[in-house]
Structures are given as structure tokens and as C-alpha cells.
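Student: Structure file upload.txt (compact mmCIF, C-alpha atoms and all ligand atoms) is given on the next line.
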```
# COMPACT_ATOMS: atom_id res chain seq x y z
CA MET A 1 28.24 7.37 12.72
CA PRO A 2 26.03 10.51 12.86
CA ASP A 3 23.62 10.76 15.79
CA LEU A 4 20.33 11.57 14.10
CA GLY A 5 18.27 11.62 17.28
CA ARG A 6 16.62 9.34 19.79
CA VAL A 7 13.83 6.99 18.69
CA ALA A 8 11.45 4.84 20.75
CA VAL A 9 10.10 1.75 18.99
CA PHE A 10 7.00 0.42 20.77
CA GLY A 11 6.50 -3.25 19.92
CA GLY A 12 10.16 -3.36 18.93
CA ALA A 13 10.54 -7.02 19.99
CA GLY A 14 8.09 -8.13 17.30
CA PHE A 15 8.44 -9.07 13.63
CA MET A 16 8.24 -5.59 12.10
CA GLY A 17 9.36 -3.48 15.05
CA SER A 18 12.62 -5.41 15.46
CA HIS A 19 13.56 -4.97 11.79
CA VAL A 20 12.72 -1.26 11.89
CA ALA A 21 14.78 -0.91 15.10
CA ASP A 22 17.73 -2.50 13.25
CA CYS A 23 17.33 -0.16 10.26
CA LEU A 24 17.11 2.90 12.52
CA ASP A 25 20.18 1.73 14.37
CA ALA A 26 22.11 1.19 11.12
CA ALA A 27 21.08 4.66 9.88
CA GLY A 28 22.58 6.33 12.99
CA TYR A 29 19.57 6.81 15.29
CA ASP A 30 19.77 6.09 18.99
CA VAL A 31 17.16 3.34 19.51
CA ILE A 32 15.08 2.36 22.57
CA VAL A 33 12.92 -0.74 22.18
CA PHE A 34 9.80 -0.83 24.39
CA ASP A 35 7.90 -4.10 24.53
CA ILE A 36 6.00 -6.29 26.96
CA ARG A 37 8.58 -9.03 26.37
CA GLN A 38 12.36 -9.12 26.05
CA SER A 39 13.46 -8.77 22.42
CA PRO A 40 15.39 -11.80 21.15
CA TYR A 41 16.77 -9.55 18.38
CA LEU A 42 18.19 -6.66 20.40
CA SER A 43 21.49 -5.50 18.92
CA GLY A 44 24.33 -4.18 21.06
CA ALA A 45 23.54 -0.51 20.48
CA GLN A 46 19.80 -0.73 21.22
CA GLN A 47 18.36 -0.15 24.68
CA MET A 48 15.48 -2.29 25.95
CA VAL A 49 12.63 -1.26 28.24
CA ILE A 50 10.16 -3.98 29.22
CA GLY A 51 6.69 -2.55 29.82
CA ASP A 52 3.06 -2.38 28.80
CA ILE A 53 1.80 0.37 26.47
CA LEU A 54 -1.26 0.56 28.75
CA ASP A 55 1.01 1.79 31.56
CA GLU A 56 0.87 5.59 31.09
CA GLN A 57 3.82 6.31 33.34
CA ALA A 58 6.12 3.75 31.72
CA VAL A 59 5.18 5.04 28.27
CA SER A 60 5.74 8.73 29.07
CA SER A 61 9.08 8.12 30.75
CA VAL A 62 10.35 6.41 27.56
CA VAL A 63 8.86 9.00 25.18
CA GLU A 64 10.33 11.91 27.20
CA GLY A 65 13.53 12.98 25.44
CA CYS A 66 12.75 11.11 22.19
CA ASP A 67 12.77 12.86 18.83
CA TYR A 68 10.75 10.19 17.02
CA VAL A 69 8.32 7.49 18.16
CA TYR A 70 7.11 4.41 16.25
CA ASN A 71 4.20 2.28 17.38
CA PHE A 72 4.22 -1.38 16.27
CA ALA A 73 2.78 -2.70 19.57
CA GLY A 74 -0.58 -4.37 19.93
CA ILE A 75 -2.64 -7.17 18.43
CA ALA A 76 -1.39 -7.70 14.89
CA ASP A 77 -3.53 -10.69 13.98
CA ILE A 78 -7.06 -10.44 12.51
CA ASP A 79 -8.29 -13.71 14.04
CA GLU A 80 -6.85 -12.85 17.47
CA ALA A 81 -8.56 -9.44 17.50
CA SER A 82 -11.89 -11.00 16.49
CA ALA A 83 -11.56 -13.69 19.17
CA ASN A 84 -11.05 -11.01 21.85
CA PRO A 85 -12.49 -7.65 20.71
CA LEU A 86 -12.11 -5.93 24.08
CA GLN A 87 -8.44 -6.81 24.26
CA GLY A 88 -8.05 -5.65 20.63
CA VAL A 89 -9.59 -2.27 21.47
CA ARG A 90 -7.60 -1.96 24.69
CA CYS A 91 -4.21 -2.74 23.16
CA ASN A 92 -4.65 -1.19 19.77
CA ILE A 93 -6.79 1.88 20.42
CA ILE A 94 -6.25 2.76 24.10
CA GLY A 95 -2.58 1.71 23.99
CA ASN A 96 -1.96 3.83 20.91
CA THR A 97 -3.77 6.81 22.46
CA ILE A 98 -1.60 6.56 25.58
CA ILE A 99 1.47 6.77 23.32
CA LEU A 100 -0.05 9.70 21.38
CA GLU A 101 -0.73 11.57 24.61
CA ALA A 102 2.89 11.10 25.75
CA CYS A 103 4.17 12.21 22.31
CA ALA A 104 2.06 15.37 22.32
CA LYS A 105 3.30 16.28 25.83
CA ALA A 106 6.94 15.58 24.97
CA LYS A 107 6.58 17.48 21.65
CA VAL A 108 8.21 14.70 19.60
CA LYS A 109 9.13 15.58 16.02
CA ARG A 110 7.16 12.67 14.54
CA PHE A 111 4.82 9.89 15.58
CA VAL A 112 4.87 6.94 13.16
CA PHE A 113 2.02 4.42 13.22
CA ALA A 114 1.86 0.89 11.80
CA SER A 115 -1.52 0.77 10.07
CA SER A 116 -2.72 -1.64 7.44
CA LEU A 117 -4.19 -1.76 3.93
CA TYR A 118 -7.25 -3.22 5.68
CA VAL A 119 -8.34 0.37 6.55
CA TYR A 120 -9.56 0.51 2.94
CA SER A 121 -11.51 -2.71 3.23
CA LYS A 122 -14.79 -4.00 4.59
CA ALA A 123 -12.88 -7.13 5.63
CA GLY A 124 -10.62 -7.41 8.68
CA SER A 125 -13.40 -6.99 11.28
CA ILE A 126 -12.28 -5.70 14.73
CA TYR A 127 -8.63 -5.48 13.64
CA ARG A 128 -9.55 -3.16 10.76
CA SER A 129 -11.82 -1.06 12.99
CA THR A 130 -9.01 -0.56 15.52
CA LYS A 131 -6.67 0.63 12.73
CA GLN A 132 -9.30 3.03 11.35
CA ALA A 133 -9.97 4.41 14.85
CA CYS A 134 -6.23 4.89 15.46
CA GLU A 135 -5.78 6.74 12.18
CA LEU A 136 -8.61 9.14 13.07
CA LEU A 137 -7.24 9.71 16.58
CA ILE A 138 -3.75 10.41 15.17
CA GLU A 139 -5.28 13.04 12.85
CA ASN A 140 -7.16 14.50 15.87
CA TYR A 141 -3.90 14.78 17.87
CA ARG A 142 -2.35 16.64 14.95
CA GLU A 143 -5.31 19.07 14.82
CA LEU A 144 -5.56 19.57 18.59
CA PHE A 145 -1.91 19.53 19.70
CA GLY A 146 0.12 19.92 16.48
CA LEU A 147 1.66 16.44 16.81
CA PRO A 148 3.32 15.62 13.44
CA TYR A 149 2.66 12.08 12.22
CA THR A 150 3.24 9.59 9.43
CA ILE A 151 0.76 6.75 9.05
CA LEU A 152 2.18 3.68 7.31
CA ARG A 153 -0.38 1.36 5.71
CA PHE A 154 1.38 -1.96 5.25
CA GLY A 155 0.37 -4.69 2.82
CA SER A 156 1.30 -8.39 3.13
CA LEU A 157 4.77 -8.92 4.57
CA TYR A 158 7.07 -11.92 4.71
CA GLY A 159 10.66 -12.77 5.65
CA PRO A 160 12.90 -13.54 8.62
CA ARG A 161 11.46 -13.36 12.19
CA ALA A 162 7.87 -13.96 11.04
CA ASP A 163 5.89 -16.56 13.00
CA ASN A 164 2.86 -18.79 12.52
CA ARG A 165 0.53 -15.79 12.14
CA ASN A 166 2.26 -15.03 8.84
CA ILE A 167 0.80 -16.80 5.83
CA ILE A 168 4.05 -17.33 3.91
CA TYR A 169 5.74 -18.60 7.07
CA THR A 170 2.95 -21.12 7.75
CA MET A 171 2.83 -22.32 4.15
CA LEU A 172 6.59 -22.88 3.93
CA THR A 173 6.78 -24.48 7.38
CA GLN A 174 4.00 -26.94 6.49
CA ALA A 175 5.72 -27.74 3.18
CA LEU A 176 9.00 -28.45 4.96
CA LYS A 177 7.43 -30.48 7.79
CA GLU A 178 4.66 -32.36 5.98
CA GLY A 179 5.48 -32.17 2.27
CA LYS A 180 2.19 -30.39 1.57
CA ILE A 181 0.48 -27.00 1.86
CA THR A 182 -3.17 -26.75 2.89
CA ARG A 183 -4.97 -23.63 1.74
CA TYR A 184 -8.39 -22.74 3.14
CA GLY A 185 -10.20 -21.00 0.28
CA ASP A 186 -9.80 -21.16 -3.49
CA GLY A 187 -6.53 -19.19 -3.57
CA GLU A 188 -8.03 -16.53 -5.90
CA GLU A 189 -7.14 -13.74 -3.42
CA LEU A 190 -4.69 -11.19 -4.85
CA ARG A 191 -1.79 -9.93 -2.73
CA GLU A 192 1.31 -7.78 -3.20
CA TYR A 193 3.89 -9.35 -0.90
CA ILE A 194 6.74 -7.20 0.36
CA HIS A 195 9.93 -8.47 1.96
CA ILE A 196 10.32 -7.23 5.53
CA HIS A 197 13.76 -5.73 4.74
CA ASP A 198 12.19 -3.49 2.06
CA ALA A 199 9.29 -2.55 4.36
CA ALA A 200 11.67 -1.72 7.24
CA ARG A 201 13.90 0.39 4.98
CA GLY A 202 10.82 2.32 3.78
CA SER A 203 9.67 2.79 7.36
CA VAL A 204 12.88 4.70 8.14
CA GLU A 205 12.97 6.63 4.85
CA ILE A 206 9.62 8.24 5.75
CA LEU A 207 11.29 10.28 8.51
CA GLY A 208 12.16 12.70 5.66
CA GLN A 209 10.32 16.06 5.84
CA GLU A 210 8.18 15.33 2.77
CA PHE A 211 6.36 12.55 4.64
CA ILE A 212 5.12 14.71 7.55
CA ASN A 213 1.35 14.30 8.12
CA GLN A 214 1.09 11.82 5.25
CA HIS A 215 -0.56 8.42 4.84
CA ILE A 216 1.97 6.19 3.10
CA ILE A 217 1.27 2.81 1.54
CA ILE A 218 4.11 0.31 1.90
CA THR A 219 3.36 -2.81 -0.08
CA GLY A 220 4.95 -5.15 -2.62
CA TYR A 221 5.72 -4.56 -6.27
CA GLN A 222 4.51 -7.91 -7.62
CA LYS A 223 0.77 -8.63 -7.53
CA MET A 224 0.04 -12.34 -7.22
CA ARG A 225 -2.90 -14.65 -6.59
CA ILE A 226 -2.33 -16.91 -3.60
CA LYS A 227 -2.80 -20.00 -5.79
CA ASP A 228 -0.05 -18.78 -8.19
CA LEU A 229 2.20 -18.17 -5.20
CA LEU A 230 1.47 -21.73 -4.04
CA PHE A 231 2.35 -23.17 -7.45
CA MET A 232 5.53 -21.07 -7.52
CA ILE A 233 6.49 -22.53 -4.12
CA LYS A 234 5.65 -26.03 -5.40
CA GLU A 235 8.07 -25.52 -8.31
CA MET A 236 10.75 -24.34 -5.88
CA PHE A 237 10.31 -27.70 -4.13
CA GLU A 238 10.78 -29.36 -7.56
CA ASN A 239 7.07 -30.32 -7.56
CA LYS A 240 7.69 -32.73 -4.68
CA ILE A 241 5.05 -31.16 -2.41
CA GLU A 242 1.24 -31.36 -2.62
CA ILE A 243 -1.11 -28.37 -2.63
CA GLU A 244 -4.48 -29.04 -0.99
CA PHE A 245 -7.41 -26.59 -1.24
CA LEU A 246 -10.10 -26.87 1.46
CA PRO A 247 -13.27 -24.74 1.91
CA ALA A 248 -12.62 -21.41 3.63
CA ASN A 249 -13.58 -21.41 7.30
CA THR A 250 -13.81 -17.62 7.78
CA ASN A 251 -14.27 -14.64 5.49
CA LEU A 252 -12.29 -12.13 7.50
CA HIS A 253 -9.78 -11.50 4.71
CA TYR A 254 -10.24 -9.57 1.46
CA GLU A 255 -10.29 -11.27 -1.98
CA ILE A 256 -8.98 -9.10 -4.81
CA THR A 257 -8.58 -5.60 -3.43
CA PRO A 258 -8.79 -4.00 -0.02
CA TYR A 259 -10.11 -0.80 -1.65
CA THR A 260 -13.81 -0.64 -0.81
CA PHE A 261 -13.83 2.04 1.87
CA ALA A 262 -12.25 5.47 1.47
CA PRO A 263 -10.27 6.87 4.40
CA LYS A 264 -7.66 9.60 3.73
CA THR A 265 -5.92 8.84 0.41
CA GLY A 266 -2.47 7.31 0.82
CA ARG A 267 0.61 7.76 -1.38
CA ARG A 268 2.53 4.62 -2.28
CA LEU A 269 6.21 4.54 -1.31
CA THR A 270 8.33 3.05 -4.12
CA SER A 271 11.97 2.11 -4.35
CA HIS A 272 14.26 1.35 -7.31
CA THR A 273 15.66 -1.72 -5.63
CA TYR A 274 13.73 -4.38 -3.81
CA VAL A 275 13.90 -8.06 -2.93
CA ASP A 276 12.45 -10.14 -5.79
CA LEU A 277 9.52 -12.23 -4.49
CA GLY A 278 10.87 -15.55 -5.83
CA GLN A 279 14.34 -14.97 -4.39
CA GLY A 280 12.94 -13.72 -1.09
CA ILE A 281 10.79 -16.84 -0.72
CA LEU A 282 13.67 -19.14 -1.62
CA GLU A 283 15.82 -17.45 1.02
CA THR A 284 12.98 -17.86 3.56
CA ILE A 285 12.75 -21.60 2.71
CA HIS A 286 16.50 -21.96 3.38
CA ASP A 287 16.25 -20.08 6.71
CA LEU A 288 13.26 -22.15 7.84
CA TYR A 289 14.89 -25.40 6.72
CA ASN A 290 17.93 -24.62 8.86
CA SER A 291 15.79 -23.74 11.89
CA LEU A 292 13.37 -26.70 11.82
CA GLU A 293 14.13 -29.86 13.73
CA ILE A 294 11.60 -32.13 12.04
CA LYS A 295 11.70 -32.10 8.25
CA HIS A 296 9.72 -34.04 5.71
CA GLU A 297 11.70 -36.13 3.21
CA ILE A 298 11.56 -34.02 0.01
N1 LIG A 301 2.88 -8.31 9.94
C1 LIG A 301 2.12 -7.80 9.01
O1 LIG A 301 1.94 -8.39 7.92
C2 LIG A 301 1.45 -6.44 9.21
C3 LIG A 301 0.76 -5.86 8.14
C4 LIG A 301 0.13 -4.63 8.35
C5 LIG A 301 0.22 -3.98 9.58
N2 LIG A 301 0.90 -4.59 10.60
C6 LIG A 301 0.94 -3.89 11.89
O2 LIG A 301 2.27 -3.71 12.32
C7 LIG A 301 2.36 -3.83 13.74
C8 LIG A 301 3.39 -4.90 14.12
O3 LIG A 301 3.05 -6.13 13.53
P1 LIG A 301 3.97 -7.44 13.71
O4 LIG A 301 3.63 -8.35 12.61
O5 LIG A 301 5.38 -7.00 13.93
O6 LIG A 301 3.36 -8.03 15.07
P2 LIG A 301 4.12 -8.72 16.32
O7 LIG A 301 3.05 -9.39 17.10
O8 LIG A 301 5.28 -9.52 15.85
O9 LIG A 301 4.67 -7.48 17.14
C9 LIG A 301 3.87 -6.77 18.06
C10 LIG A 301 4.72 -6.53 19.30
O10 LIG A 301 3.93 -5.77 20.21
C11 LIG A 301 4.19 -6.26 21.52
N3 LIG A 301 3.05 -5.93 22.38
C12 LIG A 301 1.79 -6.42 22.31
N4 LIG A 301 1.02 -5.88 23.27
C13 LIG A 301 1.81 -5.03 23.96
C14 LIG A 301 1.59 -4.18 25.07
N5 LIG A 301 0.40 -4.11 25.66
N6 LIG A 301 2.62 -3.44 25.52
C15 LIG A 301 3.85 -3.50 24.93
N7 LIG A 301 4.12 -4.30 23.87
C16 LIG A 301 3.11 -5.05 23.39
C17 LIG A 301 4.36 -7.75 21.35
O11 LIG A 301 5.07 -8.33 22.44
C18 LIG A 301 5.11 -7.83 20.03
O12 LIG A 301 6.51 -7.87 20.23
C19 LIG A 301 0.94 -4.18 14.23
O13 LIG A 301 0.31 -3.00 14.63
C20 LIG A 301 0.28 -4.73 12.99
O14 LIG A 301 -1.11 -4.53 13.03
C21 LIG A 301 1.51 -5.80 10.45
```
Please express what this file holds, its structure, as C-alpha cells.
Tutor:
Amino acid sequence: MPDLGRVAVFGGAGFMGSHVADCLDAAGYDVIVFDIRQSPYLSGAQQMVIGDILDEQAVSSVVEGCDYVYNFAGIADIDEASANPLQGVRCNIIGNTIILEACAKAKVKRFVFASSLYVYSKAGSIYRSTKQACELLIENYRELFGLPYTILRFGSLYGPRADNRNIIYTMLTQALKEGKITRYGDGEELREYIHIHDAARGSVEILGQEFINQHIIITGYQKMRIKDLLFMIKEMFENKIEIEFLPANTNLHYEITPYTFAPKTGRRLTSHTYVDLGQGILETIHDLYNSLEIKHEI
């Protein structure tokens, strides 16, 4: 296996970071996972450092000697960031800046940031503002210290290792446990879901030279309204589950398109092969079914 260099993955114990760490590992990179908690997904070849991204010393000692650095750490949930704005700013903006500072000093070849399609939107509240601030700071570090970057703007993800902050995970878990799915809102929102394996593969592909100092959109290939997705899931359960629509309780999420605000234009990363949405969801239902203890009679 070729040694392509050393990579630190901040937030590498989480949903996205752990999959990207696996892809980097499989591609021949030497991977160090840095997270505030032990990763349950650590593979034999990956090293683990437990620490806080707000700890400047811990961050710089991991970044020192790395060729590439990914940041997936921080508050990834819109509701959580709105419930605790100060913590959102601390983790997402200050934490990311501490990593940027260490990367500039260590002269890493690339800093890769997990941003979101919400940077284009007026929705997303504090979470979106933290992502916009981080993108601007990353561009500033490039201008001031020549730190090369790639900003990844992810769309809606699903697949193994997701938890109850992930919409597809919560819908499928409720269907399996209760025989119904409750949707707050009318389900008219459009989304392009991408399987985590495709997103993780793309996140490694962008280490190519052509992606230096670029804003890259990584999202799904099939646009779907949430209500159509729900009816597709219902059919997968042979119409034996109920779909219940209740009035929306927040309006933090976008409806049809995130594109209302214009930060730096992003290029969309495409691939010839990808996980079909229907098959990916079916596989997720099987995985969840096997992991759940209490199941509804379907
Ligand atoms: N999941 C999605 O659909 C999605 C979409 C767009 C963008 N993103 C972005 O991708 C990144 C990762 O998202 P995720 O879904 O994997 O979230 P996640 O919560 O599963 O992973 C985040 C990881 O960061 C770690 N972490 C949190 N605070 C830390 C700290 N102070 N120090 C060290 N580690 C800390 C957590 O322990 C966790 O393992 C986030 O920045 C998120 O905003 C996610």
C-alpha cells in the first residue's frame, strides 16, 4: 500500500469523519483521528488522539507533521446550535480557527473543511452563520499565510453510523419501532440525499491538485420532496406503515432551495457511480432492523 502522507481528521469519531477516515485509510494515507470522545469505528491502522479542538496545544501537536488536515469537529445540528449559540460559536468558529492557526504554522499541504449547503441559505440560523464565518476565515488564512484549502459544502446525507439527528435515520427508526412516521411540516421541502459512502469517497478525491482553494458541493444526484421520500419508504414497508403530517414547529430549515444568499460560487463534484437512493435506504432499513431491540410488528 503506498504511503500518501499523514492526515489528521478532527471530529473523526463522528458520522462523517469516521467514514472519511476509513476512505483515507483505504486509499493509503496514514490517519490520525482527533476527537473529544473515543471513536467506536477506529480501524486497526488508524491512530486515535482524544482531545478538545479548543485546546491549542493538543491541536498543534497533532497537526505538526501532518500533510493534510480535515475538520469535521463541532456542532453539526441546526437545533443544537440555536439552543446554545455561544457553544456553537466556540466549537465551530473558535475551534476551527485554532485548527487553521496550527495548519498555517505547520505548513500543511491542505486544510479541508466540512461546510454545508446552508451557507447559501437564509435558513439554518446560528449553524449557518458559523459555517459562513468559517468559510471567510479559511479564505483569510489563505490570503494571509498561504494556507491551501478545500471547502466542502455537503447536502443531506444518510447511511450507516448516522444517529437521531439525521432525518432519514429518525424516520426509518420510527417506522421500525412504531409502524408510523411523523413528519413536522407539509413534506414539500426538496432535498438531494447522498449516501455517506459516496460523500466520503468524494471527500478524499478532492485532495487532487485541481481542488486546491476551491469550494466544492457534495450532494446527491436525485432531487426529491420529503413527502415523496416518505411515500417511497412506505412502499418499501409494503404500505404497512402510516405517514402522519403535523404542523411544523420551527422554520430553521429551507424549503425548496438553499440558494438565496451568494457566498463564493461552488463547483459540484460528480461521480459516474453512486449508491441509488432507493437501494441505499433499503440497506439502511436492514441495518437498523438488525440493530434495534424493540421492533413494531410489520
Ligand atoms: N451530517 C450531515 O448531514 C452534514 C451535512 C453538512 C455538513 N455537515 C458538517 O460535517 C461535520 C460533521 O458532521 P457529522 O454529521 O459527522 O457530525 P457528528 O456530530 O457525528 O461528528 C462531529 C464530531 O465532532 C466531535 N466534536 C465535537 N466537539 C468537539 C470538540 N470540541 N473537540 C473535538 N471533537 C469534537 C464529536 O465528538 C463528533 O464525533 C460538521 O461540521 C457538520 O456541520 C454535516
Student: Give the answer as one residue: which of A:Met171, A:Ile36, A:Leu4, A:Ala26 has the shortest atom-to-atom distance to ligand LIG 301 (chain A), using only C-alpha atoms and all ligand atoms?
Tutor: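 Distance minimum relative to ligand LIG 301 (chain A) lands on A:Ile36.
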Student: Neighbours of ligand LIG 301 (chain A) at 9 Å or closer, counting all atoms listed in the file: which residues, as a ChimeraX atom specification?
Tutor: /A:10-19,34-39,50-55,71-78,90-92,95,113-118,127-128,131,152-158,161-163,165-167,196
Student: For each of A:Val89, A:Ile32, A:Ile181, A:Ala102, take the minimum atom-to-atom distance to A:Gly5, counting all atoms listed in the file, then give the residue where this is smallest.
Tutor: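 Nearest candidate to A:Gly5 out of A:Val89, A:Ile32, A:Ile181, A:Ala102: A:Ile32.
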Student: Select, from A:Ala106, A:Ile218, A:Ala58, A:Val275, the residue with the minimum atom-to-atom distance to A:Gly159, counting all atoms listed in the file.
Tutor: A:Val275
Student: For A:Lys223, which residue among A:Met48, A:Leu277, A:Ala248, A:Leu172 is the nearest when counting only C-alpha atoms?
Tutor: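 Ranked by minimum distance to A:Lys223, first place goes to A:Leu277.
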Student: Tell me, as a ChimeraX atom specification, which residues lie within 10 Å of A:Tyr221, counting only C-alpha atoms; anything in the same chain fewer than 6 positions away does not count.
Tutor: /A:191-194,270-271,274-277
Student: Can those selected residues be exported to a file as an mmCIF file, in the frame of the given file so that it contains C-alpha atoms?
Tutor:
```
data_model
loop_
_atom_site.group_PDB
_atom_site.id
_atom_site.type_symbol
_atom_site.label_atom_id
_atom_site.label_comp_id
_atom_site.auth_asym_id
_atom_site.auth_seq_id
_atom_site.Cartn_x
_atom_site.Cartn_y
_atom_site.Cartn_z
ATOM 1 C CA ARG A 191 -1.790 -9.930 -2.730
ATOM 2 C CA GLU A 192 1.310 -7.780 -3.200
ATOM 3 C CA TYR A 193 3.890 -9.350 -0.900
ATOM 4 C CA ILE A 194 6.740 -7.200 0.360
ATOM 5 C CA THR A 270 8.330 3.050 -4.120
ATOM 6 C CA SER A 271 11.970 2.110 -4.350
ATOM 7 C CA TYR A 274 13.730 -4.380 -3.810
ATOM 8 C CA VAL A 275 13.900 -8.060 -2.930
ATOM 9 C CA ASP A 276 12.450 -10.140 -5.790
ATOM 10 C CA LEU A 277 9.520 -12.230 -4.490
#
```
Student: Step by step: start from the point (-4.3, 22.4, 22.0) in the file's coordinates, keep every protein, DNA or RNA residue that has an atom no farther than 12 Å from it, count only C-alpha atoms, and write the set as a list of chain:residue names.
Tutor: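 Residues close enough to count: A:Glu101, A:Ala104, A:Lys105, A:Lys107, A:Asn140, A:Tyr141, A:Arg142, A:Glu143, A:Leu144, A:Phe145, A:Gly146, A:Leu147.
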Student: Atoms to include: C-alpha atoms. Write the selected residues as a PDB file, keeping the file's coordinate frame.
Tutor:
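This went into part19.pdb:
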```pdb
ATOM      1  CA  GLU A 101      -0.730  11.570  24.610  1.00  0.00           C
ATOM      2  CA  ALA A 104       2.060  15.370  22.320  1.00  0.00           C
ATOM      3  CA  LYS A 105       3.300  16.280  25.830  1.00  0.00           C
ATOM      4  CA  LYS A 107       6.580  17.480  21.650  1.00  0.00           C
ATOM      5  CA  ASN A 140      -7.160  14.500  15.870  1.00  0.00           C
ATOM      6  CA  TYR A 141      -3.900  14.780  17.870  1.00  0.00           C
ATOM      7  CA  ARG A 142      -2.350  16.640  14.950  1.00  0.00           C
ATOM      8  CA  GLU A 143      -5.310  19.070  14.820  1.00  0.00           C
ATOM      9  CA  LEU A 144      -5.560  19.570  18.590  1.00  0.00           C
ATOM     10  CA  PHE A 145      -1.910  19.530  19.700  1.00  0.00           C
ATOM     11  CA  GLY A 146       0.120  19.920  16.480  1.00  0.00           C
ATOM     12  CA  LEU A 147       1.660  16.440  16.810  1.00  0.00           C
TER      13      LEU A 147
END
```
